[in-house]
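Visitor: Sharing my_file26.tsv below, TSV, C-alpha atoms:
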chain	number	residue	atom	x	y	z
A	1	MET	CA	-21.42	-23.99	-28.24
A	2	LYS	CA	-18.35	-22.55	-26.50
A	3	LYS	CA	-19.32	-19.05	-27.57
A	4	ILE	CA	-22.86	-19.47	-26.32
A	5	LEU	CA	-21.60	-20.60	-22.92
A	6	PHE	CA	-19.06	-17.76	-22.86
A	7	PHE	CA	-21.65	-15.03	-23.50
A	8	ALA	CA	-24.07	-16.60	-21.03
A	9	LEU	CA	-21.33	-16.48	-18.40
A	10	LEU	CA	-20.53	-12.88	-19.41
A	11	SER	CA	-24.16	-11.78	-18.96
A	12	ILE	CA	-24.45	-13.42	-15.54
A	13	SER	CA	-21.10	-11.98	-14.41
A	14	ILE	CA	-21.94	-8.43	-15.46
A	15	ALA	CA	-25.36	-8.62	-13.79
A	16	CYS	CA	-23.84	-9.82	-10.53
A	17	PHE	CA	-20.99	-7.35	-10.75
A	18	GLY	CA	-23.36	-4.46	-11.33
A	19	GLN	CA	-25.36	-5.33	-8.23
A	20	ASP	CA	-22.21	-4.98	-6.13
A	21	SER	CA	-21.28	-1.54	-7.45
A	22	LEU	CA	-20.76	0.95	-4.64
A	23	SER	CA	-22.70	4.14	-4.12
A	24	THR	CA	-23.00	6.81	-1.44
A	25	ASP	CA	-26.70	7.51	-2.09
A	26	THR	CA	-27.85	5.41	0.87
A	27	LEU	CA	-25.53	6.89	3.45
A	28	GLN	CA	-27.09	8.54	6.48
A	29	THR	CA	-27.16	12.32	6.48
A	30	ILE	CA	-24.96	13.83	9.17
A	31	GLY	CA	-26.70	16.65	11.02
A	32	VAL	CA	-24.98	19.95	11.83
A	33	ASP	CA	-26.13	22.77	14.11
A	34	SER	CA	-28.14	25.43	12.31
A	35	ILE	CA	-27.52	29.16	12.50
A	36	HIS	CA	-31.00	30.67	12.63
A	37	SER	CA	-31.96	33.52	10.34
A	38	THR	CA	-35.25	35.38	10.07
A	39	THR	CA	-34.71	36.27	6.41
A	40	PHE	CA	-36.52	33.13	5.18
A	41	SER	CA	-39.67	31.65	6.65
A	42	ASN	CA	-39.77	27.93	7.47
A	43	THR	CA	-41.77	27.25	4.31
A	44	GLN	CA	-39.28	29.16	2.18
A	45	MET	CA	-36.40	27.30	3.79
A	46	GLU	CA	-37.96	23.95	2.91
A	47	ASN	CA	-38.04	25.00	-0.75
A	48	ALA	CA	-34.69	26.78	-0.76
A	49	THR	CA	-32.21	25.70	-3.44
A	50	LYS	CA	-28.44	25.62	-3.59
A	51	ALA	CA	-28.54	28.55	-6.01
A	52	GLU	CA	-30.24	30.64	-3.31
A	53	GLY	CA	-27.57	29.61	-0.83
A	54	ASP	CA	-24.86	30.58	-3.31
A	55	SER	CA	-26.61	33.90	-3.89
A	56	ALA	CA	-26.69	34.60	-0.15
A	57	TYR	CA	-22.99	33.72	0.06
A	58	ILE	CA	-22.11	36.09	-2.79
A	59	LYS	CA	-24.08	38.86	-1.02
A	60	ASN	CA	-22.01	38.19	2.14
A	61	ASP	CA	-25.12	37.00	4.01
A	62	TYR	CA	-23.21	34.04	5.42
A	63	ALA	CA	-25.72	33.28	8.21
A	64	LEU	CA	-28.48	32.77	5.63
A	65	ALA	CA	-26.18	30.79	3.35
A	66	ILE	CA	-25.30	28.48	6.25
A	67	GLN	CA	-28.97	28.02	7.09
A	68	ILE	CA	-29.82	27.11	3.49
A	69	TYR	CA	-26.86	24.75	3.04
A	70	GLU	CA	-27.57	22.93	6.29
A	71	ASP	CA	-31.23	22.58	5.35
A	72	LEU	CA	-30.20	21.10	1.98
A	73	LEU	CA	-27.96	18.57	3.72
A	74	LYS	CA	-30.95	17.19	5.62
A	75	ASN	CA	-32.05	15.67	2.30
A	76	GLY	CA	-28.72	13.96	1.62
A	77	GLU	CA	-24.99	14.51	1.58
A	78	SER	CA	-23.26	16.54	-1.11
A	79	ALA	CA	-19.57	17.35	-1.32
A	80	GLU	CA	-20.30	20.64	-3.05
A	81	VAL	CA	-22.76	21.76	-0.37
A	82	TYR	CA	-20.38	20.72	2.43
A	83	TYR	CA	-17.63	22.67	0.67
A	84	ASN	CA	-19.74	25.83	0.38
A	85	LEU	CA	-20.89	25.41	3.97
A	86	GLY	CA	-17.26	25.19	5.06
A	87	ASN	CA	-16.49	28.39	3.13
A	88	SER	CA	-19.42	30.15	4.83
A	89	TYR	CA	-18.28	29.11	8.30
A	90	TYR	CA	-14.72	30.20	7.48
A	91	LYS	CA	-15.99	33.64	6.47
A	92	ILE	CA	-17.65	34.19	9.88
A	93	GLY	CA	-14.61	32.93	11.75
A	94	GLU	CA	-15.97	29.57	12.95
A	95	ILE	CA	-12.85	27.62	12.07
A	96	ALA	CA	-13.87	24.35	13.75
A	97	LYS	CA	-17.11	24.20	11.75
A	98	ALA	CA	-15.22	25.12	8.59
A	99	VAL	CA	-12.70	22.31	9.12
A	100	LEU	CA	-15.51	19.87	9.94
A	101	ASN	CA	-17.39	20.57	6.71
A	102	TYR	CA	-14.27	20.62	4.55
A	103	GLU	CA	-13.41	17.21	6.00
A	104	ARG	CA	-16.89	15.91	5.18
A	105	ALA	CA	-16.63	17.26	1.65
A	106	LEU	CA	-13.21	15.65	1.24
A	107	LEU	CA	-14.57	12.35	2.51
A	108	LEU	CA	-17.04	12.33	-0.39
A	109	GLN	CA	-14.57	13.67	-2.97
A	110	PRO	CA	-11.07	12.75	-1.74
A	111	GLY	CA	-9.44	13.74	-5.02
A	112	ASN	CA	-10.77	17.32	-5.07
A	113	SER	CA	-7.79	19.69	-4.87
A	114	ASP	CA	-9.92	22.79	-4.09
A	115	ILE	CA	-11.43	21.15	-1.01
A	116	ARG	CA	-8.01	19.98	0.15
A	117	ALA	CA	-6.48	23.43	-0.36
A	118	ASN	CA	-9.20	25.21	1.64
A	119	LEU	CA	-8.97	22.58	4.35
A	120	GLU	CA	-5.25	23.26	4.72
A	121	ILE	CA	-5.93	27.02	4.93
A	122	ALA	CA	-8.51	26.45	7.68
A	123	ARG	CA	-6.21	24.05	9.53
A	124	ALA	CA	-3.51	26.73	9.56
A	125	LYS	CA	-5.85	28.84	11.70
A	126	THR	CA	-6.13	26.18	14.42
A	127	VAL	CA	-4.06	26.28	17.61
A	128	ASP	CA	-2.84	22.70	17.92
A	129	LYS	CA	0.00	21.52	15.71
A	130	VAL	CA	0.49	17.76	15.93
A	131	GLU	CA	3.38	15.96	14.26
A	132	ALA	CA	2.13	12.76	12.65
A	133	VAL	CA	4.04	9.51	13.17
A	134	PRO	CA	6.07	8.92	9.97
A	135	GLU	CA	4.78	6.18	7.69
A	136	ILE	CA	6.64	3.88	5.33
A	137	PHE	CA	6.70	5.59	1.93
A	138	PHE	CA	4.91	2.63	0.34
A	139	VAL	CA	1.98	2.93	2.77
A	140	SER	CA	1.73	6.68	2.13
A	141	TRP	CA	1.78	6.07	-1.62
A	142	ILE	CA	-1.02	3.51	-1.42
A	143	LYS	CA	-3.16	5.83	0.73
A	144	ALA	CA	-2.62	8.69	-1.71
A	145	LEU	CA	-3.65	6.42	-4.58
A	146	ILE	CA	-6.81	5.27	-2.79
A	147	ASN	CA	-7.72	8.87	-1.95
A	148	SER	CA	-7.17	10.09	-5.51
A	149	MET	CA	-10.77	9.15	-6.40
A	150	SER	CA	-14.13	8.67	-4.71
A	151	VAL	CA	-15.86	5.35	-4.01
A	152	ASP	CA	-18.12	5.75	-7.05
A	153	ALA	CA	-15.20	6.59	-9.33
A	154	TRP	CA	-13.28	3.50	-8.21
A	155	ALA	CA	-16.40	1.37	-8.62
A	156	THR	CA	-16.85	2.70	-12.16
A	157	TRP	CA	-13.25	1.86	-12.96
A	158	GLY	CA	-13.84	-1.63	-11.58
A	159	ILE	CA	-16.87	-2.22	-13.80
A	160	ILE	CA	-15.17	-0.88	-16.95
A	161	SER	CA	-12.00	-2.88	-16.39
A	162	PHE	CA	-14.08	-6.00	-15.69
A	163	ILE	CA	-15.88	-5.64	-19.04
A	164	LEU	CA	-12.54	-5.11	-20.80
A	165	LEU	CA	-11.22	-8.19	-19.00
A	166	ILE	CA	-14.06	-10.25	-20.48
A	167	VAL	CA	-13.28	-8.86	-23.95
A	168	ALA	CA	-9.59	-9.72	-23.54
A	169	LEU	CA	-10.51	-13.25	-22.42
A	170	TYR	CA	-12.73	-13.62	-25.48
A	171	PHE	CA	-9.81	-12.89	-27.80
A	172	PHE	CA	-7.52	-15.16	-25.79
A	173	ILE	CA	-9.94	-18.11	-25.85
A	174	PHE	CA	-11.57	-17.83	-29.28
A	175	SER	CA	-9.07	-16.06	-31.54
A	176	LYS	CA	-7.25	-18.33	-34.00
A	177	GLN	CA	-4.37	-15.90	-34.51
A	178	ILE	CA	-1.41	-16.18	-32.16
A	179	LEU	CA	-0.96	-12.39	-32.00
A	180	TRP	CA	-4.52	-11.81	-30.78
A	181	LYS	CA	-4.20	-14.65	-28.28
A	182	LYS	CA	-1.03	-13.07	-26.86
A	183	LEU	CA	-2.61	-9.61	-26.71
A	184	GLY	CA	-5.72	-11.07	-25.11
A	185	PHE	CA	-3.61	-12.79	-22.46
A	186	ILE	CA	-1.45	-9.72	-21.72
A	187	PHE	CA	-4.35	-7.26	-21.53
A	188	GLY	CA	-6.38	-9.82	-19.60
A	189	ILE	CA	-3.73	-9.82	-16.86
A	190	ILE	CA	-3.61	-6.00	-16.85
A	191	PHE	CA	-7.39	-5.60	-16.64
A	192	LEU	CA	-7.59	-8.30	-13.97
A	193	ILE	CA	-5.15	-6.35	-11.79
A	194	ILE	CA	-7.04	-3.08	-12.38
A	195	THR	CA	-10.37	-4.77	-11.60
A	196	VAL	CA	-9.13	-6.25	-8.34
A	197	CYS	CA	-7.38	-3.06	-7.22
A	198	SER	CA	-10.31	-0.82	-8.16
A	199	ASN	CA	-12.73	-2.92	-6.15
A	200	LEU	CA	-10.38	-3.11	-3.17
A	201	PHE	CA	-9.93	0.68	-3.24
A	202	ALA	CA	-13.68	1.24	-3.63
A	203	SER	CA	-14.29	-1.10	-0.69
A	204	LYS	CA	-11.78	0.84	1.40
A	205	GLN	CA	-13.43	4.15	0.52
A	206	LYS	CA	-16.88	2.73	1.31
A	207	GLU	CA	-15.61	1.51	4.67
A	208	ARG	CA	-14.42	5.03	5.51
A	209	LEU	CA	-17.81	6.46	4.56
A	210	VAL	CA	-19.83	3.94	6.54
A	211	ASN	CA	-17.60	3.49	9.60
A	212	ARG	CA	-16.71	7.08	10.36
A	213	ASP	CA	-14.18	7.05	13.18
A	214	ASN	CA	-12.67	10.52	12.80
A	215	ALA	CA	-13.97	13.65	14.49
A	216	ILE	CA	-13.27	17.35	14.95
A	217	VAL	CA	-13.00	19.12	18.30
A	218	VAL	CA	-15.80	21.74	18.26
A	219	ASN	CA	-15.36	23.20	21.77
A	220	PRO	CA	-12.95	26.14	22.17
A	221	SER	CA	-10.83	23.80	24.31
A	222	VAL	CA	-11.16	20.38	25.90
A	223	THR	CA	-9.07	18.61	28.52
A	224	VAL	CA	-8.08	15.09	27.52
A	225	ARG	CA	-8.18	12.76	30.51
A	226	SER	CA	-6.67	9.40	31.37
A	227	THR	CA	-10.06	7.84	32.22
A	228	PRO	CA	-13.65	8.50	31.06
A	229	SER	CA	-14.40	10.72	34.05
A	230	GLU	CA	-13.99	14.35	35.08
A	231	SER	CA	-11.88	13.05	37.96
A	232	GLY	CA	-9.42	11.42	35.57
A	233	THR	CA	-5.89	12.75	35.32
A	234	SER	CA	-5.49	15.66	32.89
A	235	LEU	CA	-3.16	14.58	30.09
A	236	PHE	CA	-3.21	17.50	27.66
A	237	ILE	CA	-5.53	20.10	26.16
A	238	LEU	CA	-6.93	20.22	22.64
A	239	HIS	CA	-8.45	23.22	20.93
A	240	GLU	CA	-11.23	23.63	18.38
A	241	GLY	CA	-10.56	22.42	14.87
A	242	ARG	CA	-8.25	19.57	15.89
A	243	LYS	CA	-8.87	16.32	14.05
A	244	VAL	CA	-8.88	13.17	16.20
A	245	ASN	CA	-9.41	9.49	15.64
A	246	ILE	CA	-12.04	7.78	17.80
A	247	LYS	CA	-10.38	4.73	19.30
A	248	ASP	CA	-13.24	3.60	21.56
A	249	ASN	CA	-16.81	4.53	20.64
A	250	SER	CA	-18.56	2.15	23.03
A	251	MET	CA	-19.57	4.77	25.63
A	252	LYS	CA	-22.27	7.39	25.12
A	253	GLU	CA	-20.90	10.23	27.25
A	254	TRP	CA	-17.17	9.71	26.68
A	255	LYS	CA	-14.97	8.82	23.69
A	256	GLU	CA	-11.42	7.56	23.71
A	257	ILE	CA	-9.44	9.43	21.08
A	258	ARG	CA	-6.04	9.07	19.43
A	259	LEU	CA	-3.97	11.81	17.85
A	260	GLU	CA	-1.75	11.55	14.80
A	261	ASP	CA	1.34	11.48	17.02
A	262	GLY	CA	0.02	8.44	18.94
A	263	LYS	CA	-1.26	10.18	22.08
A	264	VAL	CA	-4.51	8.75	23.50
A	265	GLY	CA	-7.04	9.87	26.09
A	266	TRP	CA	-10.71	10.42	26.88
A	267	VAL	CA	-12.89	13.44	26.08
A	268	PRO	CA	-16.61	14.18	26.61
A	269	ALA	CA	-18.65	13.12	23.59
A	270	ASN	CA	-20.26	16.56	23.25
A	271	THR	CA	-16.89	18.25	22.66
A	272	ILE	CA	-16.27	16.52	19.33
A	273	GLU	CA	-18.34	16.01	16.20
A	274	ILE	CA	-18.06	13.01	13.85
A	275	ILE	CA	-16.84	13.78	10.36
Let's see the structure in the file written out as C-alpha cells.
Guide:
Amino acid sequence: MKKILFFALLSISIACFGQDSLSTDTLQTIGVDSIHSTTFSNTQMENATKAEGDSAYIKNDYALAIQIYEDLLKNGESAEVYYNLGNSYYKIGEIAKAVLNYERALLLQPGNSDIRANLEIARAKTVDKVEAVPEIFFVSWIKALINSMSVDAWATWGIISFILLIVALYFFIFSKQILWKKLGFIFGIIFLIITVCSNLFASKQKERLVNRDNAIVVNPSVTVRSTPSESGTSLFILHEGRKVNIKDNSMKEWKEIRLEDGKVGWVPANTIEII
C-alpha cells in the first residue's frame, strides 16, 4: 500500500513539475532594422534559410546576409542567428548593431564562450569605457554560475535532479538495508539542493528574458540629461555601443538609464534599443 501511494505521488509530482518547465519558445521576437538588398525578391526572402544567409556571409555579401538573418528572426529568436547577425554587422563596421546582437545571442545562451569572446572584441571598438562598481566576490560567483547555462539547460537539470530525488527517497523509505537507507538520505539531500538551485537559477534566467531592462546606445552619440526633456541639464555624453540599464521605463519618449558605475540620467527612447 505504501508503495502504491508513493508511485502515485511520484506520477503526480512529475506531471506537475513538467508543466512548470521553462522554455524560451513563447518569447516575443525582438525586431531589428533591416538593411535592404535587391539581390533577393520579397518572395525569395520569405523562403530564405539560414544556410543561404551563411552562404552570403561566406561570399562577403554582408548586406544580404543581414537581410536574411533579420528576416529569419521575425519567425522567432535564435542565439545562432543573432550571433551570425552580429558578425555580419561587425564586418561592415556597425559596431553598435554588432554589440546589440551579440548581447541578444548571449542572453539566450549565456554560457557560450564564442559569443562572449566576440562581444568583448566588439566592445573594445566602442568609445566609452565605464568602470563597473565592484561587487562582493560571492555575488559575482553566483552570477557567473547562473550565467553558465541557459534557462532551458537549468530547467532540464531541475527535472533530472527532481527525478533522482524521488529515486533516492524511494531507497530511503522502502529499503530494508541500513546502507541503502543512508545513501538514499545523503543523495536525497544533494539532489534536493540541486533541484532547488536549478529551478531558482532557471527562474532568474527566465526573468531576464521576459523583463528585458538592458539596452544598447545605437545613435553615434547621445547627451544624457538630468530630466526627461531637451531643456534638462546635460550630464554626460554616451556613444554608440554602450550598454545601459533602463531604470525607469514608464515614459514613451524618454528613458531613465543607469550605467555600471552608478551614473543615472535621461535619454530619448529612440537613441537606445532594448536587448
Visitor: Residues near Gly232 in chain A, anyone? I mean within 12 Å using all atoms listed in the file, not counting same-chain ones fewer than 4 positions away, as a PyMOL selection string.
Guide: chain A and resi 223-228+236+254+265-268
Visitor: Using C-alpha atoms, can you write the selected residues to a file as a short mmCIF file (atom, residue, chain, number, x, y, z; two decimals), in the coordinates of the input?
Guide:
data_model
loop_
_atom_site.label_atom_id
_atom_site.label_comp_id
_atom_site.auth_asym_id
_atom_site.auth_seq_id
_atom_site.Cartn_x
_atom_site.Cartn_y
_atom_site.Cartn_z
CA THR A 223 -9.07 18.61 28.52
CA VAL A 224 -8.08 15.09 27.52
CA ARG A 225 -8.18 12.76 30.51
CA SER A 226 -6.67 9.40 31.37
CA THR A 227 -10.06 7.84 32.22
CA PRO A 228 -13.65 8.50 31.06
CA PHE A 236 -3.21 17.50 27.66
CA TRP A 254 -17.17 9.71 26.68
CA GLY A 265 -7.04 9.87 26.09
CA TRP A 266 -10.71 10.42 26.88
CA VAL A 267 -12.89 13.44 26.08
CA PRO A 268 -16.61 14.18 26.61
#
Visitor: So that each row is one residue of range 166-249 of chain A with an atom at most 10 Å from range 154-157 of chain A, can you give its shortest atom pair and the distance in Å to one decimal, using all atoms listed in the file, rows by chain and rising number, as a tab-separated table?
Guide:
residue	atom	partner	partner_atom	distance
A:Ile194	CA	A:Trp157	CA	8.0
A:Thr195	CA	A:Trp157	CA	7.4
A:Cys197	CA	A:Trp154	CA	8.9
A:Ser198	CA	A:Trp154	CA	5.2
A:Asn199	CA	A:Ala155	CA	6.2
A:Leu200	CA	A:Trp154	CA	8.8
A:Phe201	CA	A:Trp154	CA	6.6
A:Ala202	CA	A:Trp154	CA	5.1
A:Ser203	CA	A:Ala155	CA	8.6
A:Gln205	CA	A:Trp154	CA	8.8
Visitor: Please report the interatomic distance between CA of Ile58 in chain A and CA of Ile216 in chain A in Å with one decimal.
Guide: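 Rounded to one decimal, the two atoms are 27.3 Å apart.
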Visitor: Would you list the contacts of range 85-90 of chain A as a list in words, taking every protein, DNA or RNA residue within 6 Å and counting all atoms listed in the file, but skipping same-chain residues closer than 2 positions in sequence?
Guide: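 Skipping anything fewer than 2 positions along the chain leaves Tyr62, Ile66, Val81, Tyr82, Tyr83, Ile92, Gly93, Glu94, Ile95, Ala98, Asn101 and Tyr102 of chain A.
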Visitor: For the atom pair CA of Lys97 in chain A and CA of Glu131 in chain A, what is the interatomic distance in Å to one decimal place?
Guide: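 CA of Glu131 in chain A lies 22.2 Å from CA of Lys97 in chain A.
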Visitor: Show which residues sit within 12 Å of Asn84 in chain A, as a PDB file with C-alpha atoms, keeping the file's coordinate frame. Count all atoms listed in the file, and ignore same-chain residues fewer than 6 positions away.
Guide:
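After the write, part_1.pdb holds the following:
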ATOM      1  CA  LYS A  50     -28.440  25.620  -3.590  1.00  0.00           C
ATOM      2  CA  ALA A  51     -28.540  28.550  -6.010  1.00  0.00           C
ATOM      3  CA  GLY A  53     -27.570  29.610  -0.830  1.00  0.00           C
ATOM      4  CA  ASP A  54     -24.860  30.580  -3.310  1.00  0.00           C
ATOM      5  CA  SER A  55     -26.610  33.900  -3.890  1.00  0.00           C
ATOM      6  CA  ALA A  56     -26.690  34.600  -0.150  1.00  0.00           C
ATOM      7  CA  TYR A  57     -22.990  33.720   0.060  1.00  0.00           C
ATOM      8  CA  ILE A  58     -22.110  36.090  -2.790  1.00  0.00           C
ATOM      9  CA  TYR A  62     -23.210  34.040   5.420  1.00  0.00           C
ATOM     10  CA  ALA A  65     -26.180  30.790   3.350  1.00  0.00           C
ATOM     11  CA  ILE A  66     -25.300  28.480   6.250  1.00  0.00           C
ATOM     12  CA  GLN A  67     -28.970  28.020   7.090  1.00  0.00           C
ATOM     13  CA  ILE A  68     -29.820  27.110   3.490  1.00  0.00           C
ATOM     14  CA  TYR A  69     -26.860  24.750   3.040  1.00  0.00           C
ATOM     15  CA  GLU A  70     -27.570  22.930   6.290  1.00  0.00           C
ATOM     16  CA  LEU A  72     -30.200  21.100   1.980  1.00  0.00           C
ATOM     17  CA  LEU A  73     -27.960  18.570   3.720  1.00  0.00           C
ATOM     18  CA  SER A  78     -23.260  16.540  -1.110  1.00  0.00           C
ATOM     19  CA  TYR A  90     -14.720  30.200   7.480  1.00  0.00           C
ATOM     20  CA  LYS A  91     -15.990  33.640   6.470  1.00  0.00           C
ATOM     21  CA  LYS A  97     -17.110  24.200  11.750  1.00  0.00           C
ATOM     22  CA  ALA A  98     -15.220  25.120   8.590  1.00  0.00           C
ATOM     23  CA  VAL A  99     -12.700  22.310   9.120  1.00  0.00           C
ATOM     24  CA  ASN A 101     -17.390  20.570   6.710  1.00  0.00           C
ATOM     25  CA  TYR A 102     -14.270  20.620   4.550  1.00  0.00           C
ATOM     26  CA  ARG A 104     -16.890  15.910   5.180  1.00  0.00           C
ATOM     27  CA  ALA A 105     -16.630  17.260   1.650  1.00  0.00           C
ATOM     28  CA  ASP A 114      -9.920  22.790  -4.090  1.00  0.00           C
ATOM     29  CA  ILE A 115     -11.430  21.150  -1.010  1.00  0.00           C
ATOM     30  CA  ASN A 118      -9.200  25.210   1.640  1.00  0.00           C
ATOM     31  CA  LEU A 119      -8.970  22.580   4.350  1.00  0.00           C
TER      32      LEU A 119
END
Visitor: Here is a test: counting all atoms listed in the file, which residue of A:Ile246, A:Ala168, A:Ala117, A:Ile272 is nearest to Asn219 in chain A?
Guide: A:Ile272
Visitor: One decimal, Å: what's the distance from CA of Lys243 in chain A over to CA of Leu259 in chain A, could you say?
Guide: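 Computing it gives 7.7 Å between the two atoms.
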Visitor: Between A:Asp261, A:Glu240, A:Glu256, A:Glu273, which has the minimum distance to Ser221 in chain A (counting all atoms listed in the file)?
Guide: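 Result for the nearest residue to Ser221 in chain A: A:Glu240.
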Visitor: Out of A:Val196, A:Ile173, A:Met149, A:Val130, which residue has the shortest atom-to-atom distance to Leu238 in chain A when counting only C-alpha atoms?
Guide: A:Val130
Visitor: May I have the residues within 9 Å of Ile275 in chain A as an MDAnalysis selection string, using all atoms listed in the file and disregarding those fewer than 4 positions away in the same chain?
Guide: chainID A and resid 30 100:101 103:104 107 212:216
Visitor: Pick the closest to Ile159 in chain A from A:Asp128, A:Phe191, A:Phe138, A:Ser175: which is it, counting only C-alpha atoms?
Guide: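 With only C-alpha atoms as the atom set, the closest residue is A:Phe191.
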